Amino acid sequence: MSSMSEPAGAPRSRYRIDEKARFHPRDLLRHWEALLAVLLVLVCAVNGLLLPHFFDPYNLADSTFNFSEKAMIALPMALLIICREIDISVSAIIALASVAMGLANQAGVPPLGLLLVAIATGTACGLLNGTLVTRLCLPSIVVTIGSMSLFRGLASVVLGDQAFTQYPAELGDWGQGYFFDVLPRPFVVWLLAAAMFAVLLHVTRWGRQLYAIGNSPVAARFSGVAVDRYRLALFVLTGAMAGLAAFFLTGRIGSTRPNIAMGWELEIITVVILGGVSIAGGTGTIGGVMLSVLVMGMLTYGLALANIPGIIMTIVVGALLLATIAIPRLLRGKRAAGR
Amino acid sequence: MALNFLISRRAPAAARRDAGEALWRRREPLLALLTVVLILLVGLRAPVFLSTQSMDNLLTDSAITIMLALTQMLVILTRGIDLSVASNLALSGMMSALLAMHFPVLPVGVFILMAVVIGLLLGLLNGWLIGYLELPPIVVTLGSMSVYRGMVFVLSGGAWVSSRNMPADFVAFPLARLGGLTHLVWLGALAVVAIWFLARHTRFGRDLYAIGNDPSAAAYVGIASPARLLWTYGLSGAMAGLAGYLWVARYAVAYTEIAYGFELTVIAACVIGGISIAGGVGQVSGAVLGALFLSVINNALPIMRISPFWQSALTGMVILCAVILNARGKQGGRKQILPLHGQKSLTTGSTA
């Protein structure tokens with residue numbers, strides 16, 4: 001009847017451990033990442049045909065600023081969701097870290113110190129989330145809804161109706177500057193971070209354990225995986241990356257206002273899910289998330305060039321999200337219904 | 001679908017709840033007591049808070065939150081979540097405002113009905129995707145949240161519909177009085193009674209508890225989960241539609257960002273009210289008290305002359321305290337992996 005009505009208890013694993021099959025080029029097309037890559041090429045091609053300035057290198061480089069910060073947080077968020085957890089409080093952590101930077105800046109801390117302040121604040125926030133989730137065994141969505149309110153609230157208590165401005169120029173260089181005059185700094189930092197996350201998730205034992213936890217936390221615990229330690233580490237990592245994102249965002253917009261990064265958490269989660277990370281845990285790759293970030297980024301950039309208001313983008317993203325999960329289900333719907 | 005982050009890794013409290021627990025150990029009376037104590041404490045500092053007029057304000061302000069928390073509770077009971085309520089509210093509110101702007105001669109009832117029907121349809125779309133296609137509720141409602149919010153902008157062209165464009169009786173209805181109380185309060189009370197009856201005394205409501213407690217067991221006993229889920233989300237949508245009209249008419253303005261982020265306030269009210277995000281546990285009184293508690297805090301701050309900027313931080317602290325208190329009652333056996341003899345496994349509560 002439905003997957004909910006299947007015999008109890010036994011969650012279907014998405015992985016079968018078979019003999020490794022021989023490589024076929026057509027197998028590539030079955031991967032979500034391949035579809036995303038096609039989509040990316042398609043988006044770029046259509047945009048390039050319709051908009052004469054789309055492939056302008058300066059424009060392209062400039063367009064990365066709009067998504068690099070979100071993309072930085074999408075990486076640890078992917079790990080969290082693979083692990084069956086979620087963090088709604090990331091945008092509030094950005095706000096709090098940015099406020100901490102503003103306070104430190106007023107106290108005369110140099111730009112490099114501001115980076116440390118931002119990351120330390122983010123880490124502390126992540127530690128609070130992680131501790132509540134692991135120590136008290138609370139569902140992470142509830143904890144992070146609460147802490148989102150708390151962090152955002154603390155930020156607005158400090159800010160009041162003011163805003164922190166007058167950040168040093170060096171910070172602006174980090175937020176919207178280029179390496180060697182061509183490579184946008186936040187984008188490069190994101191690529192580096194993505195490489196690190198890809199190695200962590202796909203090469204190390206640590207990463208394999210995350211999939212194990214995502215497939216079945218109980219089984220993972222029985223197999224001797226320190227599940228709670230991984231969870232705590234992931235929340236701390238997410239907080240730290242949110243702090244890093246706050247550093248670049250604050251540098252880019254040059255101010256800290258109460259509504260900084262408002263609503264980003266849902267955009268980030270959407271991007272991660274579009275990247276092929278299943279909300280039920282246990283599947284997903286960093287490559288998929290990166291491609292989905294780029295698809296979103298190029299789509300937004302194209303719409304901006306075509307002078308279409310940004311909110312139309314939210315419809316596109318929402319519809320894309322619904323379509324990506326509903327269409328595969330509809331396609332195999334007949335078979336499931338006959339069960 | 002196993003959504004672990006929605007689910008507490010401890011056995012649900014449901015089993016203990018009906019075992020004739022002492023009144024003071026249950027959560028709802030405790031929360032009621034806390035709310036009353038909070039009101040009295042605020043009253044001690046600022047007696048004006050206890051005046052009839054202020055209480056009337058409090059009820060009027062909390063009505064929309066209560067109404068949405070009630071249907072959100074039904075959704076959460078089924079192990080779901082509806083993140084699209086605020087966007088749904090904005091969209092159906094905007095559509096009824098646009099209708100009122102273009103056809104001001106129609107009676108108010110038509111606009112209200114319109115808003116409810118639009119909300120219902122938007123909710124049924126969620127329900128179809130979640131119930132019949134078995135897609136994860138959090139992803140579906142995340143997607144529809146963006147789509148609905150964007151559609152508000154498309155429909156209105158980004159413009160505001162202000163009180164000048166709305167007919168007078170359209171704007172007047174929510175705050176008009178009947179027997180001393182505003183229509184908002186009456187509608188809220190009606191919703192409380194209706195949802196209480198639905199959850200407590202109808203087969204539909206009891207089925208929702210069954211689905212939330214164990215979806216597969218519910219299917220085995222013959223509960224048509226897809227249809228139940230369809231109408232649960234439909235109901236949540238219809239309530240959001242009604243709230244959309246009330247919101248737009250009460251504040252006499254409709255624009256793209258109305259009620260932005262309100263879905264999390266509503267979910268917070270449910271969490272404070274002890275509705276377990278893991279499904280199957282929760283009562284109407286909890287949802288009402290949770291919403292009321294948040295409203296008391298919001299209304300007390302200006303009276304206490306505390307900066308309104310504290311509101312969000314305090315709300316966050318209250319939510320965290322509520323969930324921590326909740327967890328404390330169920331602690332013990334956390335490190336124990338294998339169940340003791342004669343005891344049901346505590347650690348397998350997370351997968352389903």
# chains A, B, ... in the order shown; residues from 1 in each chain; ligands from 1
call {"tool": "interface_residues", "arguments": {"of": "chain A", "to": "chain B", "cutoff": "6 Å", "atoms": "only C-alpha atoms", "output": "PyMOL selection string"}}
result
chain A and resi 4-5+8-9+84-85+137-141+146-147+149-150+153-154+156-157+280+311-312+314-315+318+321-322
call {"tool": "residues_around", "arguments": {"residues": "Asn66 in chain A", "least_positions_apart": "6", "cutoff": "10 Å", "atoms": "only C-alpha atoms", "output": "short mmCIF file (atom, residue, chain, number, x, y, z; two decimals) with N, CA and C atoms, in the first residue's frame"}}
result
data_model
loop_
_atom_site.label_atom_id
_atom_site.label_comp_id
_atom_site.auth_asym_id
_atom_site.auth_seq_id
_atom_site.Cartn_x
_atom_site.Cartn_y
_atom_site.Cartn_z
N GLN A 176 34.64 40.76 -0.87
CA GLN A 176 34.33 40.94 -2.28
C GLN A 176 35.58 41.22 -3.11
N PRO A 186 35.85 34.56 -1.78
CA PRO A 186 34.94 33.62 -1.10
C PRO A 186 34.75 32.34 -1.90
N PHE A 187 34.73 32.48 -3.24
CA PHE A 187 34.51 31.32 -4.09
C PHE A 187 35.68 30.34 -3.96
N LEU A 249 30.44 37.30 4.67
CA LEU A 249 29.23 38.08 4.41
C LEU A 249 29.37 39.48 4.98
N ARG A 252 31.56 41.44 2.87
CA ARG A 252 31.00 41.80 1.57
C ARG A 252 30.01 42.95 1.67
N GLY A 297 23.17 29.00 -8.36
CA GLY A 297 23.91 30.26 -8.53
C GLY A 297 23.75 30.79 -9.94
N THR A 300 20.15 32.02 -10.56
CA THR A 300 19.93 33.32 -9.94
C THR A 300 20.61 34.43 -10.73
N TYR A 301 21.84 34.13 -11.15
CA TYR A 301 22.62 35.11 -11.88
C TYR A 301 21.95 35.45 -13.20
#
call {"tool": "select_by_dssp", "arguments": {"residues": "range 171-338 of chain B", "states": "alpha helix (DSSP H)", "output": "ChimeraX atom specification"}}
result
/B:171-172,183-201,203-213,215-220,225-251,262-272,284-303,310-329
call {"tool": "residues_around", "arguments": {"residues": "Ala245 in chain A", "least_positions_apart": "2", "cutoff": "12 Å", "atoms": "only C-alpha atoms", "output": "ChimeraX atom specification"}}
result
/A:65-76,90-98,115,118-119,121-122,174-175,186-187,189-190,193,238-243,247-252,260-261,264
call {"tool": "residues_around", "arguments": {"residues": "range 179-195 of chain B", "least_positions_apart": "5", "cutoff": "6 Å", "atoms": "only C-alpha atoms", "output": "PyMOL selection string"}}
result
chain B and resi 60+63+67+174
call {"tool": "residues_around", "arguments": {"residues": "Phe293 in chain B", "least_positions_apart": "5", "cutoff": "12 Å", "atoms": "only C-alpha atoms", "output": "PyMOL selection string"}}
result
chain B and resi 28+30-39+58-59+61-62+65-66+265-266+268-273+285-288+298-300+314-315+318-319+322
call {"tool": "write_last_selection", "arguments": {"atoms": "N, CA and C atoms", "output": "mmCIF file, in the first residue's frame"}}
result
data_model
loop_
_atom_site.group_PDB
_atom_site.id
_atom_site.type_symbol
_atom_site.label_atom_id
_atom_site.label_comp_id
_atom_site.auth_asym_id
_atom_site.auth_seq_id
_atom_site.Cartn_x
_atom_site.Cartn_y
_atom_site.Cartn_z
ATOM 1 N N GLU B 28 0.265 19.675 30.840
ATOM 2 C CA GLU B 28 -0.664 20.751 30.523
ATOM 3 C C GLU B 28 -1.062 21.572 31.750
ATOM 4 N N LEU B 30 0.653 21.984 34.397
ATOM 5 C CA LEU B 30 1.857 22.709 34.805
ATOM 6 C C LEU B 30 2.049 23.950 33.948
ATOM 7 N N LEU B 31 1.829 23.768 32.644
ATOM 8 C CA LEU B 31 1.996 24.887 31.725
ATOM 9 C C LEU B 31 0.935 25.951 31.999
ATOM 10 N N ALA B 32 -0.297 25.505 32.309
ATOM 11 C CA ALA B 32 -1.366 26.444 32.642
ATOM 12 C C ALA B 32 -0.973 27.248 33.875
ATOM 13 N N LEU B 33 -0.433 26.530 34.869
ATOM 14 C CA LEU B 33 -0.005 27.183 36.104
ATOM 15 C C LEU B 33 1.090 28.204 35.810
ATOM 16 N N LEU B 34 2.057 27.783 34.984
ATOM 17 C CA LEU B 34 3.163 28.672 34.629
ATOM 18 C C LEU B 34 2.645 29.926 33.945
ATOM 19 N N THR B 35 1.683 29.740 33.026
ATOM 20 C CA THR B 35 1.135 30.885 32.307
ATOM 21 C C THR B 35 0.469 31.846 33.281
ATOM 22 N N VAL B 36 -0.327 31.288 34.208
ATOM 23 C CA VAL B 36 -1.016 32.135 35.179
ATOM 24 C C VAL B 36 0.000 32.864 36.059
ATOM 25 N N VAL B 37 1.032 32.126 36.509
ATOM 26 C CA VAL B 37 2.057 32.746 37.353
ATOM 27 C C VAL B 37 2.750 33.871 36.595
ATOM 28 N N LEU B 38 3.045 33.608 35.312
ATOM 29 C CA LEU B 38 3.695 34.631 34.503
ATOM 30 C C LEU B 38 2.812 35.870 34.395
ATOM 31 N N ILE B 39 1.508 35.643 34.143
ATOM 32 C CA ILE B 39 0.583 36.775 34.023
ATOM 33 C C ILE B 39 0.550 37.549 35.335
ATOM 34 N N LEU B 58 -4.839 40.652 24.845
ATOM 35 C CA LEU B 58 -4.020 39.444 24.854
ATOM 36 C C LEU B 58 -4.729 38.328 24.092
ATOM 37 N N LEU B 59 -6.023 38.150 24.395
ATOM 38 C CA LEU B 59 -6.777 37.092 23.732
ATOM 39 C C LEU B 59 -6.873 37.355 22.238
ATOM 40 N N ASP B 61 -4.858 39.089 20.388
ATOM 41 C CA ASP B 61 -3.561 38.902 19.741
ATOM 42 C C ASP B 61 -3.214 37.437 19.571
ATOM 43 N N SER B 62 -3.641 36.636 20.554
ATOM 44 C CA SER B 62 -3.198 35.242 20.505
ATOM 45 C C SER B 62 -4.095 34.374 19.632
ATOM 46 N N THR B 65 -2.478 32.821 16.423
ATOM 47 C CA THR B 65 -1.450 31.831 16.772
ATOM 48 C C THR B 65 -2.098 30.553 17.277
ATOM 49 N N ILE B 66 -3.119 30.708 18.133
ATOM 50 C CA ILE B 66 -3.781 29.522 18.683
ATOM 51 C C ILE B 66 -4.404 28.699 17.566
ATOM 52 N N THR B 265 7.051 30.260 14.651
ATOM 53 C CA THR B 265 6.362 30.640 15.889
ATOM 54 C C THR B 265 5.285 29.616 16.222
ATOM 55 N N VAL B 266 4.535 29.224 15.178
ATOM 56 C CA VAL B 266 3.452 28.270 15.389
ATOM 57 C C VAL B 266 4.003 26.923 15.861
ATOM 58 N N ALA B 268 6.820 26.479 17.342
ATOM 59 C CA ALA B 268 7.338 26.701 18.697
ATOM 60 C C ALA B 268 6.215 26.587 19.720
ATOM 61 N N ALA B 269 5.051 27.155 19.398
ATOM 62 C CA ALA B 269 3.916 27.062 20.317
ATOM 63 C C ALA B 269 3.582 25.601 20.583
ATOM 64 N N CYS B 270 3.605 24.794 19.539
ATOM 65 C CA CYS B 270 3.307 23.364 19.702
ATOM 66 C C CYS B 270 4.364 22.686 20.562
ATOM 67 N N VAL B 271 5.623 23.031 20.319
ATOM 68 C CA VAL B 271 6.710 22.394 21.071
ATOM 69 C C VAL B 271 6.587 22.740 22.551
ATOM 70 N N ILE B 272 6.320 24.022 22.836
ATOM 71 C CA ILE B 272 6.148 24.432 24.232
ATOM 72 C C ILE B 272 4.963 23.704 24.841
ATOM 73 N N GLY B 273 3.935 23.508 24.022
ATOM 74 C CA GLY B 273 2.736 22.843 24.522
ATOM 75 C C GLY B 273 2.871 21.341 24.662
ATOM 76 N N SER B 285 -5.189 21.173 24.600
ATOM 77 C CA SER B 285 -4.887 22.134 25.666
ATOM 78 C C SER B 285 -3.424 22.550 25.599
ATOM 79 N N GLY B 286 -2.533 21.613 25.240
ATOM 80 C CA GLY B 286 -1.116 21.945 25.122
ATOM 81 C C GLY B 286 -0.876 22.984 24.051
ATOM 82 N N ALA B 287 -1.461 22.764 22.877
ATOM 83 C CA ALA B 287 -1.267 23.708 21.778
ATOM 84 C C ALA B 287 -1.782 25.090 22.155
ATOM 85 N N VAL B 288 -2.971 25.127 22.788
ATOM 86 C CA VAL B 288 -3.557 26.418 23.167
ATOM 87 C C VAL B 288 -2.669 27.119 24.183
ATOM 88 N N ASN B 298 5.031 38.084 24.555
ATOM 89 C CA ASN B 298 5.084 39.189 23.596
ATOM 90 C C ASN B 298 4.321 40.410 24.084
ATOM 91 N N ASN B 299 3.167 40.170 24.720
ATOM 92 C CA ASN B 299 2.370 41.309 25.170
ATOM 93 C C ASN B 299 2.918 41.940 26.435
ATOM 94 N N ALA B 300 3.631 41.132 27.242
ATOM 95 C CA ALA B 300 4.117 41.662 28.514
ATOM 96 C C ALA B 300 5.332 42.561 28.324
ATOM 97 N N LEU B 314 13.987 35.813 24.199
ATOM 98 C CA LEU B 314 13.190 35.183 25.258
ATOM 99 C C LEU B 314 12.420 33.986 24.712
ATOM 100 N N THR B 315 11.834 34.164 23.511
ATOM 101 C CA THR B 315 11.097 33.053 22.908
ATOM 102 C C THR B 315 12.009 31.844 22.752
ATOM 103 N N VAL B 318 12.618 30.210 26.039
ATOM 104 C CA VAL B 318 11.438 29.464 26.492
ATOM 105 C C VAL B 318 11.335 28.130 25.767
ATOM 106 N N ILE B 319 11.564 28.157 24.437
ATOM 107 C CA ILE B 319 11.470 26.905 23.674
ATOM 108 C C ILE B 319 12.496 25.914 24.181
ATOM 109 N N ALA B 322 11.593 24.597 27.515
ATOM 110 C CA ALA B 322 10.463 23.670 27.436
ATOM 111 C C ALA B 322 10.924 22.296 26.977
#
call {"tool": "residues_around", "arguments": {"residues": "range 202-215 of chain A", "least_positions_apart": "3", "cutoff": "7 Å", "atoms": "only C-alpha atoms", "output": "NGL selection string"}}
result
:A and (13 or 82-84 or 198-199 or 220 or 227 or 281-283)
call {"tool": "select_by_dssp", "arguments": {"residues": "range 85-234 of chain B", "states": "strand (DSSP E)", "output": "short mmCIF file (atom, residue, chain, number, x, y, z; two decimals) with C-alpha atoms, in the first residue's frame"}}
result
data_model
loop_
_atom_site.label_atom_id
_atom_site.label_comp_id
_atom_site.auth_asym_id
_atom_site.auth_seq_id
_atom_site.Cartn_x
_atom_site.Cartn_y
_atom_site.Cartn_z
CA VAL B 161 -2.91 46.43 -0.69
CA SER B 162 -3.61 48.91 2.06
CA ARG B 177 -17.44 42.72 18.85
CA LEU B 178 -20.06 40.18 19.67
CA LEU B 181 -15.45 39.83 22.71
CA THR B 182 -13.92 40.39 19.30
#
